[in-house]
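J.: The structure is given below, and queries will be raised subsequently.
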Amino acid sequence: MFNRLTGWWSGGEQQPQQTDEERAEEVRQRRLQQFGAVSVEQGPGGGTPPAADTTSAPPAAADTTGAPPPAGSADTAPLIIPEKSTTDDNHDDDDDEDDDITPTMEEGRVVGGSAVVREITPDSDNPWASEWGEEGTSSDVQVPSVASAEDESLAISRVFLVTVSTELQTGSRQPKYQTMLLGVATTHETLSLSILDEVIFERLSLSDEEITACSYECGGGRNIPTERLIVPYLLGCVARASRERADPHIQAVLESCRKTAVRMIGVVLLSNDAWSPQDPAFQLTSSLISREDVFVLTPPEHDPMGCLQEIISSEETEEEDLVTMMYPILNHVITLSRDCSLSTAPRTLALLNTLNTLSANRAIAGILPGLEGWIPKNPDDGSAYQSTTLGRFLCCSTIRIHHPTNPPQQRYVSPYFSRSVNNSHTVTQHSQSQYQSLMDNIQSHVAKLFLNLIKSHAQEPTLHWITSCLEANRNKAKLVASFVNSTGASDGFMLNLSSVLLKLSIPFLGPRNSKMCSIDARFCGPNSKSIMSQPLEDKILPAKEDTPQEMPESFNFITKCFYLTHRALQLAYIAPFDKYRRLMKSLMETQNLVQSLGSGPMPPDVRERFESMFVEQLEVKTHLMSPDTITQVLLFYASSANWLSQLSVSPDGTSHVSDMGDGVTFPVPQHPSSSLSMIPSYFISTSCQFLINLRYFAETSLENFLHEHLDHLLTFLVLFCSKDFVGNPHTRAEIVEALTVFVPNERSKVTTLNREAALCSNRLATAKLGEKLIGVFVDVEQSSEFEHKFQYRYHIFELLDYIWPRPEFGLSALSEEVRGREEDTTVLFTKFLQLLMNDANFLLDESFRQLEEIRKLEQLQDTEEWGLLDDTARSAKLRSLAQMKRACTYYNMMSSETVKCLQYMSALGGEPVTYAFVTPLLVDTLTTMLNYYLKELVSDTQIKYKIKNLQDVKFHPDKLLIGISEIYINLREQPAFIAAIPRDGRSYHPALFTNAIAKLRKLQYSEEKIEMFLEVSVLAAEAVTSEEVEGILTERAPEHYLDPILGTLMTEPVLLPTSRVIVERSVIAKHLLSDPIDPFNRQPLSMKDVQPDTELRDEIAAWRRTELTKIQDTE
């Protein structure tokens, strides 16, 4: 221990040939001799002691072992050891004596040969006021430039609570408690800065027994408990030196005392083991965490943390010594961090603050990865990272951790919201806001710790820890993982980790931030050495074999942080959002159950379940939907969106974006950069899922997001809503659903003005959104599973419903390409309309079928047969009924949206749109569908669809009738449409329209619209004659004049090249719209392959003219 003090002692009579050890031993021996000189006497009852006895006992023999004698040994007088104090009393600010008592002094005596008993009563808060005035100056006294020896000694005595004087001192400037330093007193009569190191060393070397015997309250005549622990004593000295107020020359002495006390803390830390049984490192750690009352009113630079910072930043301390000092403190902090939680937030923050102060030094930060617990024993166990050095601080969350493998416990009591069921909404919101602020504070401290580590030699181990943690929890990206609570780390842990990475990303975030240009797109490339590199099928686009990429040896920090944050957000938000959605659904179902029970009291089991779910959803919501965090996530995704947009329009092989700019420039290239083949597809899917979840659960945050950032998100979504930019059709469908957040919907409780303004002003959206949506509608027909197809199209309907009536989107231009290409099955709008009609046919047919089955079961329930069924059969039928109602509800919702789409599309856009509806490829399909469902809605057979409660299955026959009627009205000016109505031999009859008009009048439908519908009826009746003639011609025609598919008289026969079959052009064109193969041999076929048979066409035309003449002559 003593060799650490070389060169620190000054003053006194030191022999050059003495070593530090010898000098210290000499001081110790002198002190022990003095200690044995007198015995302790105490006045009765602890009152004023008798007159001092100046007779001294002979000195005791010196102890040559260098260790202090044990308590009660023959070398010392009997000692009275009072109870140990945890406070460090200093001067007389807390004295209970009256202020009007003048300073007095009672005669004292030497007790134990070590201390003078004194009592001093202050007359001012400023001990220097008696000489220099309240502010340390006086108009009558000239202030000296250098402190006198007396003032210097007094300042040291007041700071360190020690003395070497055996004379009784008077005046308020004396400290209330003093400890006699016998070793220093043998060579020095006063205290001075020149011997301050020696003074402190002797004070620290005193044993508990020696401190008890040598410490007295001036005037009290009894032992005074003083600070025994080394570091708290030195911290108390720092605080006292900082609080004293005096003239500049005295203040300089106090500042020297303060700096020396701080320096001595470093000395004892450097020789931590030598002070056993005391542990200075643990003492300092405890002080840093607990913040004793003595420091509460002290400026930050004078509290324990300020002292620690001063020690670390000292230029005199070598790096090796600094690491030696701080190593045990780091160990203590890591040990104490094992029980971190939101419930112990103040302690957790204190631990983090200590770690941040330590890790701000690069050498100290480099120690952390070498400590035990940095990496879990099983790196593949995602949950194990919660117990690591860094992971412990990421567990502070309001979200409870479920342990399904544990035995059943008593009812869970939330430490955060257990009483929220009975609290008002305002009180609950206030509690949520407080916890959110607390978690954000902890996340900021953890982010600072990560940043300190990244700036040090620990950068690679820290980034490796993050990467390994994310990969060990990769299963959380699967939705099914949300049902298995024990899978990987907790939801709160993952949310905190993602928030920390977001905070590390802040310096380079911003859609126009030029730092984004340094992100390297090759980080997850096929030949990348990154652990995050994913298989080729998980990229936005498949890789091109002829475009190899040269991979760098390493990547910059911004690139790593950008990709790690994307990955963390993917893993963090899927499970908690799914959990929150299920909790809200269960709460709603329970609430409906309670309402069905009437006004009576809620059953205890139902109430308990409801309260438990209510509290749990509050816990999840508080952490998951923190407004500040949501804003940061949105900013990250907006920045990423602009980066991806710029990368997609860059030249092939580009690994860096050259300019973040104002957005994508026009014209947009048809084919994106091949660099997208290196970008994981979850970059798109997770951002879309986040926007979708915000629409349902935190729409206010979305609406309040900056218009500029929304514009970048929109450009990105519209640009990538194309199979040229995104290969996976499911990802494109997610993009479409994400786009719905920009339009109003029935469930929205928040205004959408900001988002609507962004959509209607976005240049790419107004130019391309309609085309992109129709393209996705067509693509999902071939590339999606059947049950997903209608779900995807539902969101397309939402967007089309909003943008179709708005002229700025120019959707009518989509239909213009139909003219002149009426039989071209590759025309996008033609394909779209044909699929739309097919959907309407299927959905309406399924809806009516389900309604009929539901009606049969409901009727069965009202018969005696139902009562004869056993419980098993009855339960099976009830389950079947519930299943049919769910399916019927889905079909009704989708059919309503499909008919609605046909309705507004045929009404708006002008003649080019209506013309597209009545091309030879589509018109018969359309009229057949309209006639059939019109008949089902207005004929007597409609009774079979009437169930007990149509609202349960969302079936609205009146609205459906009006929608179908308006399609007739919208297309009434197209001759081809009118001519096709009576061609439908299955459903058409003149009475059909008569019944429909009667029904519409009952619904109080507009008379103007009824007149238009009547016009359709008249025109259709007039077209019946020509249809009858066509029927006669078909009956008389030779077989080779008839189309082999539909049996109708051909007018434009064409030869199929592979099967050599002749068919009607319009018939094969319709077939190829949904199935591009030859129906006779299943070989690939397109309309450009068919060959017109002009000879047969002319032959049929001549025969037709002849037969028409015969028919007219007969009439």
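Labels used: A, B, ... for chains in the order of the structure tokens, numbers from 1 for residues in each chain, and numbers from 1 for ligands as shown.
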So that I can see what lies close to range 950-952 of chain A, please list as a ChimeraX atom specification the residues with an atom at most 10 Å from it, counting only C-alpha atoms and leaving out residues fewer than 2 positions away in the same chain.
T.: /A:851,885-886,888-889,945-948,954-957
J.: Quick one: write out the picked residues with all heavy atoms as a short mmCIF file (atom, residue, chain, number, x, y, z; two decimals), in the first residue's frame?
T.:
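Dumped everything to part31.cif:
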```cif
data_model
loop_
_atom_site.label_atom_id
_atom_site.label_comp_id
_atom_site.auth_asym_id
_atom_site.auth_seq_id
_atom_site.Cartn_x
_atom_site.Cartn_y
_atom_site.Cartn_z
N LEU A 851 -76.66 -18.10 -46.99
CA LEU A 851 -77.91 -17.60 -46.40
C LEU A 851 -79.00 -18.67 -46.43
O LEU A 851 -79.76 -18.82 -45.47
CB LEU A 851 -78.38 -16.35 -47.16
CG LEU A 851 -77.60 -15.05 -46.90
CD1 LEU A 851 -78.00 -13.97 -47.90
CD2 LEU A 851 -77.83 -14.57 -45.47
N LYS A 885 -72.21 -18.58 -40.49
CA LYS A 885 -72.44 -17.14 -40.31
C LYS A 885 -71.15 -16.35 -40.51
O LYS A 885 -71.17 -15.27 -41.11
CB LYS A 885 -73.02 -16.87 -38.92
CG LYS A 885 -74.49 -17.22 -38.78
CD LYS A 885 -75.03 -16.80 -37.42
CE LYS A 885 -76.53 -17.05 -37.32
NZ LYS A 885 -77.08 -16.61 -36.03
N ARG A 886 -70.04 -16.90 -40.02
CA ARG A 886 -68.76 -16.21 -40.23
C ARG A 886 -68.42 -16.15 -41.71
O ARG A 886 -67.99 -15.11 -42.23
CB ARG A 886 -67.65 -16.92 -39.45
CG ARG A 886 -67.69 -16.69 -37.95
CD ARG A 886 -66.39 -17.13 -37.29
NE ARG A 886 -66.18 -18.56 -37.43
CZ ARG A 886 -66.59 -19.47 -36.55
NH1 ARG A 886 -67.26 -19.08 -35.47
NH2 ARG A 886 -66.35 -20.76 -36.74
N CYS A 888 -70.50 -16.40 -44.24
CA CYS A 888 -71.48 -15.56 -44.94
C CYS A 888 -71.16 -14.08 -44.72
O CYS A 888 -71.29 -13.27 -45.64
CB CYS A 888 -72.88 -15.90 -44.43
SG CYS A 888 -74.19 -15.09 -45.35
N THR A 889 -70.76 -13.74 -43.51
CA THR A 889 -70.38 -12.34 -43.23
C THR A 889 -69.24 -11.90 -44.12
O THR A 889 -69.25 -10.80 -44.69
CB THR A 889 -69.98 -12.20 -41.75
OG1 THR A 889 -71.07 -12.58 -40.91
CG2 THR A 889 -69.57 -10.77 -41.43
N TYR A 945 -83.72 -16.47 -48.66
CA TYR A 945 -82.50 -15.84 -48.12
C TYR A 945 -82.78 -15.05 -46.84
O TYR A 945 -81.87 -14.42 -46.30
CB TYR A 945 -81.88 -14.92 -49.16
CG TYR A 945 -81.62 -15.59 -50.50
CD1 TYR A 945 -82.10 -15.04 -51.68
CD2 TYR A 945 -80.90 -16.77 -50.56
CE1 TYR A 945 -81.87 -15.64 -52.90
CE2 TYR A 945 -80.66 -17.40 -51.77
CZ TYR A 945 -81.15 -16.83 -52.94
OH TYR A 945 -80.92 -17.44 -54.13
N LYS A 946 -84.01 -15.03 -46.38
CA LYS A 946 -84.36 -14.25 -45.21
C LYS A 946 -84.09 -15.05 -43.94
O LYS A 946 -84.77 -16.04 -43.66
CB LYS A 946 -85.83 -13.83 -45.27
CG LYS A 946 -86.09 -12.75 -46.31
CD LYS A 946 -87.51 -12.21 -46.22
CE LYS A 946 -87.73 -11.07 -47.20
NZ LYS A 946 -89.09 -10.50 -47.12
N ILE A 947 -83.12 -14.63 -43.19
CA ILE A 947 -82.80 -15.27 -41.92
C ILE A 947 -83.28 -14.37 -40.79
O ILE A 947 -83.78 -13.27 -41.01
CB ILE A 947 -81.28 -15.54 -41.81
CG1 ILE A 947 -80.50 -14.23 -41.83
CG2 ILE A 947 -80.83 -16.47 -42.93
CD1 ILE A 947 -79.01 -14.42 -41.61
N LYS A 948 -83.12 -14.82 -39.56
CA LYS A 948 -83.67 -14.10 -38.41
C LYS A 948 -83.05 -12.71 -38.25
O LYS A 948 -83.74 -11.75 -37.90
CB LYS A 948 -83.46 -14.92 -37.14
CG LYS A 948 -84.30 -16.19 -37.10
CD LYS A 948 -84.08 -16.96 -35.82
CE LYS A 948 -84.95 -18.21 -35.78
NZ LYS A 948 -84.74 -19.00 -34.53
N LYS A 954 -74.13 -9.15 -41.93
CA LYS A 954 -73.87 -7.95 -42.74
C LYS A 954 -74.42 -8.06 -44.17
O LYS A 954 -73.77 -7.69 -45.14
CB LYS A 954 -72.36 -7.64 -42.76
CG LYS A 954 -71.76 -7.36 -41.40
CD LYS A 954 -70.33 -6.91 -41.49
CE LYS A 954 -69.74 -6.67 -40.11
NZ LYS A 954 -70.47 -5.66 -39.33
N PHE A 955 -75.63 -8.62 -44.26
CA PHE A 955 -76.29 -8.71 -45.56
C PHE A 955 -77.30 -7.58 -45.67
O PHE A 955 -78.23 -7.46 -44.87
CB PHE A 955 -76.99 -10.07 -45.71
CG PHE A 955 -77.66 -10.26 -47.04
CD1 PHE A 955 -76.95 -10.15 -48.22
CD2 PHE A 955 -79.03 -10.55 -47.11
CE1 PHE A 955 -77.58 -10.33 -49.45
CE2 PHE A 955 -79.66 -10.73 -48.34
CZ PHE A 955 -78.93 -10.62 -49.51
N HIS A 956 -77.11 -6.73 -46.71
CA HIS A 956 -77.97 -5.58 -46.92
C HIS A 956 -78.58 -5.67 -48.32
O HIS A 956 -78.05 -5.08 -49.27
CB HIS A 956 -77.17 -4.28 -46.77
CG HIS A 956 -76.42 -4.19 -45.47
ND1 HIS A 956 -77.05 -3.94 -44.28
CD2 HIS A 956 -75.09 -4.33 -45.18
CE1 HIS A 956 -76.15 -3.91 -43.31
NE2 HIS A 956 -74.95 -4.15 -43.83
N PRO A 957 -79.67 -6.41 -48.48
CA PRO A 957 -80.24 -6.61 -49.83
C PRO A 957 -80.71 -5.33 -50.49
O PRO A 957 -80.63 -5.20 -51.72
CB PRO A 957 -81.41 -7.58 -49.56
CG PRO A 957 -81.73 -7.43 -48.11
CD PRO A 957 -80.45 -7.11 -47.44
#
```
J.: If you run DSSP on this backbone, which residues of range 294-481 of chain A come out as helix (DSSP H, G or I), and could you give them as a PyMOL selection string?
T.: chain A and resi 294-295+300-302+304-313+319-339+342-359+362-365+368-370+382-387+391-394+420-422+425-454+459-472+474-477+479-481
J.: Would you mind exporting C-alpha atoms of the selected residues as a compact mmCIF listing (two decimals), in the first residue's frame?
T.:
```
# COMPACT_ATOMS: atom_id res chain seq x y z
CA VAL A 294 -24.92 15.09 2.70
CA PHE A 295 -24.69 15.53 -1.08
CA PRO A 300 -23.07 18.10 -9.17
CA GLU A 301 -19.35 18.61 -9.57
CA HIS A 302 -18.86 18.04 -5.82
CA PRO A 304 -19.63 11.33 -5.63
CA MET A 305 -20.22 11.27 -9.38
CA GLY A 306 -18.31 14.53 -9.78
CA CYS A 307 -15.44 13.09 -7.76
CA LEU A 308 -15.40 9.97 -9.92
CA GLN A 309 -15.36 12.06 -13.09
CA GLU A 310 -12.48 14.15 -11.73
CA ILE A 311 -10.46 11.05 -10.90
CA ILE A 312 -11.06 9.58 -14.34
CA SER A 313 -10.25 12.79 -16.19
CA GLU A 319 -4.12 4.55 -17.98
CA GLU A 320 -2.94 1.33 -16.34
CA ASP A 321 -3.51 2.73 -12.85
CA LEU A 322 -6.92 4.05 -13.88
CA VAL A 323 -7.98 0.60 -15.05
CA THR A 324 -6.74 -0.86 -11.76
CA MET A 325 -8.82 1.67 -9.82
CA MET A 326 -12.03 1.17 -11.73
CA TYR A 327 -11.99 -2.57 -12.30
CA PRO A 328 -13.47 -3.48 -8.88
CA ILE A 329 -16.05 -0.69 -9.19
CA LEU A 330 -17.21 -2.11 -12.53
CA ASN A 331 -17.50 -5.53 -10.95
CA HIS A 332 -19.61 -4.16 -8.10
CA VAL A 333 -21.88 -2.24 -10.48
CA ILE A 334 -22.46 -5.31 -12.66
CA THR A 335 -23.20 -7.41 -9.56
CA LEU A 336 -25.70 -4.87 -8.26
CA SER A 337 -27.45 -4.65 -11.63
CA ARG A 338 -28.84 -8.18 -11.45
CA ASP A 339 -32.23 -7.08 -10.11
CA LEU A 342 -38.85 -0.57 -13.73
CA SER A 343 -39.92 -0.89 -10.09
CA THR A 344 -36.35 -0.07 -9.04
CA ALA A 345 -35.88 2.64 -11.65
CA PRO A 346 -34.00 5.17 -9.44
CA ARG A 347 -31.43 2.56 -8.49
CA THR A 348 -31.20 1.35 -12.09
CA LEU A 349 -30.62 4.89 -13.32
CA ALA A 350 -27.92 5.41 -10.68
CA LEU A 351 -26.17 2.22 -11.82
CA LEU A 352 -26.42 3.32 -15.45
CA ASN A 353 -25.14 6.78 -14.63
CA THR A 354 -22.14 5.22 -12.90
CA LEU A 355 -21.47 2.91 -15.84
CA ASN A 356 -21.77 5.80 -18.28
CA THR A 357 -19.29 7.87 -16.28
CA LEU A 358 -16.86 4.98 -16.21
CA SER A 359 -17.32 3.93 -19.83
CA ARG A 362 -12.12 4.34 -23.51
CA ALA A 363 -9.67 2.34 -21.44
CA ILE A 364 -12.28 1.61 -18.77
CA ALA A 365 -14.94 0.82 -21.38
CA LEU A 368 -16.54 -4.50 -19.78
CA PRO A 369 -16.47 -7.23 -22.48
CA GLY A 370 -13.93 -9.12 -20.39
CA GLY A 382 -32.45 -15.74 -26.87
CA SER A 383 -33.79 -15.42 -23.33
CA ALA A 384 -30.31 -15.85 -21.84
CA TYR A 385 -29.28 -12.40 -23.08
CA GLN A 386 -31.56 -10.85 -20.47
CA SER A 387 -29.10 -11.92 -17.76
CA GLY A 391 -29.18 -7.19 -21.12
CA ARG A 392 -30.08 -6.57 -17.48
CA PHE A 393 -30.70 -2.91 -18.18
CA LEU A 394 -33.03 -3.75 -21.09
CA SER A 420 -56.31 1.19 -12.79
CA VAL A 421 -59.62 -0.64 -13.23
CA ASN A 422 -61.19 1.71 -10.70
CA HIS A 425 -59.22 7.67 -17.62
CA THR A 426 -57.25 10.84 -16.81
CA VAL A 427 -55.47 9.23 -13.86
CA THR A 428 -54.61 6.15 -15.91
CA GLN A 429 -53.25 8.25 -18.76
CA HIS A 430 -51.13 10.22 -16.30
CA SER A 431 -49.68 6.97 -14.92
CA GLN A 432 -48.95 5.72 -18.42
CA SER A 433 -47.20 8.98 -19.29
CA GLN A 434 -45.04 8.77 -16.18
CA TYR A 435 -43.95 5.20 -16.89
CA GLN A 436 -43.28 6.06 -20.52
CA SER A 437 -41.04 8.96 -19.48
CA LEU A 438 -39.24 6.72 -17.02
CA MET A 439 -38.62 4.01 -19.61
CA ASP A 440 -37.44 6.60 -22.13
CA ASN A 441 -35.00 7.94 -19.53
CA ILE A 442 -33.62 4.46 -18.90
CA GLN A 443 -33.38 3.79 -22.65
CA SER A 444 -31.44 7.05 -23.11
CA HIS A 445 -28.96 6.04 -20.41
CA VAL A 446 -28.54 2.56 -21.95
CA ALA A 447 -28.05 4.15 -25.38
CA LYS A 448 -25.32 6.34 -23.91
CA LEU A 449 -23.65 3.25 -22.45
CA PHE A 450 -23.76 1.50 -25.84
CA LEU A 451 -22.37 4.59 -27.53
CA ASN A 452 -19.50 4.82 -25.04
CA LEU A 453 -18.66 1.18 -25.68
CA ILE A 454 -18.85 1.64 -29.43
CA GLN A 459 -16.91 -1.62 -30.35
CA GLU A 460 -16.62 -5.02 -31.98
CA PRO A 461 -17.65 -7.01 -28.86
CA THR A 462 -20.63 -4.67 -28.39
CA LEU A 463 -21.83 -4.96 -31.98
CA HIS A 464 -21.28 -8.70 -31.82
CA TRP A 465 -23.42 -8.86 -28.66
CA ILE A 466 -26.25 -6.98 -30.41
CA THR A 467 -26.04 -9.12 -33.53
CA SER A 468 -25.88 -12.39 -31.60
CA CYS A 469 -28.81 -11.34 -29.44
CA LEU A 470 -30.94 -10.51 -32.48
CA GLU A 471 -30.10 -13.73 -34.27
CA ALA A 472 -30.77 -15.80 -31.14
CA ARG A 474 -34.90 -14.55 -34.80
CA ASN A 475 -38.00 -16.69 -34.19
CA LYS A 476 -39.78 -13.63 -32.85
CA ALA A 477 -40.15 -12.53 -36.48
CA LEU A 479 -46.22 -14.48 -35.87
CA VAL A 480 -46.66 -17.91 -34.31
CA ALA A 481 -43.93 -16.99 -31.80
```
J.: Skip Ile506 in chain A itself and residues of its chain fewer than 3 positions away, then list as an NGL selection string all residues within 10 Å of it, counting only C-alpha atoms.
T.: :A and (501-503 or 509-510 or 632 or 635-636)
J.: For each of A:His989, A:Lys1070, A:Arg879, A:Lys959, take the minimum atom-to-atom distance to Ser1017 in chain A, counting only C-alpha atoms, then give the residue where this is smallest.
T.: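 With only C-alpha atoms as the atom set, the closest residue is A:His989.
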J.: Identify, on the basis of only C-alpha atoms, every residue whose closest approach to Cys257 in chain A does not exceed 12 Å; exclude the query and any residue fewer than 3 positions from it along the same chain; express the result as an NGL selection string.
T.: :A and (152-161 or 191-197 or 199-200 or 234-242 or 244 or 250-254 or 260-264)
J.: May I have the residues within 8 Å of Val615 in chain A as a ChimeraX atom specification, using only C-alpha atoms and disregarding those fewer than 4 positions away in the same chain?
T.: /A:414,417-418,420-421,611,619
J.: Mind checking which residues fall within 9 Å of Val1024 in chain A, counting only C-alpha atoms, ignoring those fewer than 3 positions away in the same chain, and posting them as an mmCIF file with N, CA and C atoms, in the first residue's frame?
T.:
```
data_model
loop_
_atom_site.group_PDB
_atom_site.id
_atom_site.type_symbol
_atom_site.label_atom_id
_atom_site.label_comp_id
_atom_site.auth_asym_id
_atom_site.auth_seq_id
_atom_site.Cartn_x
_atom_site.Cartn_y
_atom_site.Cartn_z
ATOM 1 N N ALA A 979 -77.904 -4.507 -75.902
ATOM 2 C CA ALA A 979 -78.121 -5.687 -76.743
ATOM 3 C C ALA A 979 -77.798 -6.969 -76.002
ATOM 4 N N ILE A 981 -78.267 -7.574 -72.773
ATOM 5 C CA ILE A 981 -79.171 -7.883 -71.656
ATOM 6 C C ILE A 981 -80.125 -9.026 -72.011
ATOM 7 N N PRO A 982 -80.853 -8.960 -73.122
ATOM 8 C CA PRO A 982 -81.778 -10.071 -73.423
ATOM 9 C C PRO A 982 -81.090 -11.328 -73.930
ATOM 10 N N ARG A 983 -79.786 -11.267 -74.229
ATOM 11 C CA ARG A 983 -79.095 -12.478 -74.693
ATOM 12 C C ARG A 983 -78.961 -13.506 -73.572
ATOM 13 N N ALA A 1020 -84.057 -2.773 -73.576
ATOM 14 C CA ALA A 1020 -83.789 -4.209 -73.553
ATOM 15 C C ALA A 1020 -84.923 -4.981 -74.216
ATOM 16 N N ALA A 1021 -86.164 -4.535 -73.991
ATOM 17 C CA ALA A 1021 -87.313 -5.209 -74.612
ATOM 18 C C ALA A 1021 -87.268 -5.082 -76.121
ATOM 19 N N GLU A 1027 -82.651 -10.811 -80.784
ATOM 20 C CA GLU A 1027 -82.143 -12.002 -80.105
ATOM 21 C C GLU A 1027 -82.918 -13.243 -80.547
ATOM 22 N N GLU A 1028 -84.211 -13.069 -80.778
ATOM 23 C CA GLU A 1028 -85.018 -14.203 -81.260
ATOM 24 C C GLU A 1028 -84.555 -14.650 -82.639
ATOM 25 N N VAL A 1029 -84.232 -13.663 -83.477
ATOM 26 C CA VAL A 1029 -83.741 -13.985 -84.829
ATOM 27 C C VAL A 1029 -82.431 -14.746 -84.725
#
```
J.: Using only C-alpha atoms, can you tell me which of A:Leu504, A:Ser514, A:Leu1014, A:Glu911 comes closest to Glu816 in chain A?
T.: A:Glu911
J.: Name all residues at most 12 Å from His730 in chain A (count only C-alpha atoms; drop same-chain ones fewer than 2 positions away) and give them as JSON, numbers by chain.
T.: {"A": [540, 681, 682, 684, 685, 688, 721, 722, 723, 726, 727, 728, 732, 733, 734, 735, 736, 737, 776, 777, 779, 780, 781, 782, 783, 784, 785, 788, 789, 791, 792, 793]}
J.: Please compute the CA of Met180 in chain A-CA of Leu204 in chain A distance, one decimal, in Å.
T.: 12.5 Å
J.: Using Å and a single decimal, report how far CA of Glu255 in chain A sits from CA of Asp151 in chain A.
T.: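 Result for CA of Asp151 in chain A versus CA of Glu255 in chain A: 13.8 Å, one decimal.
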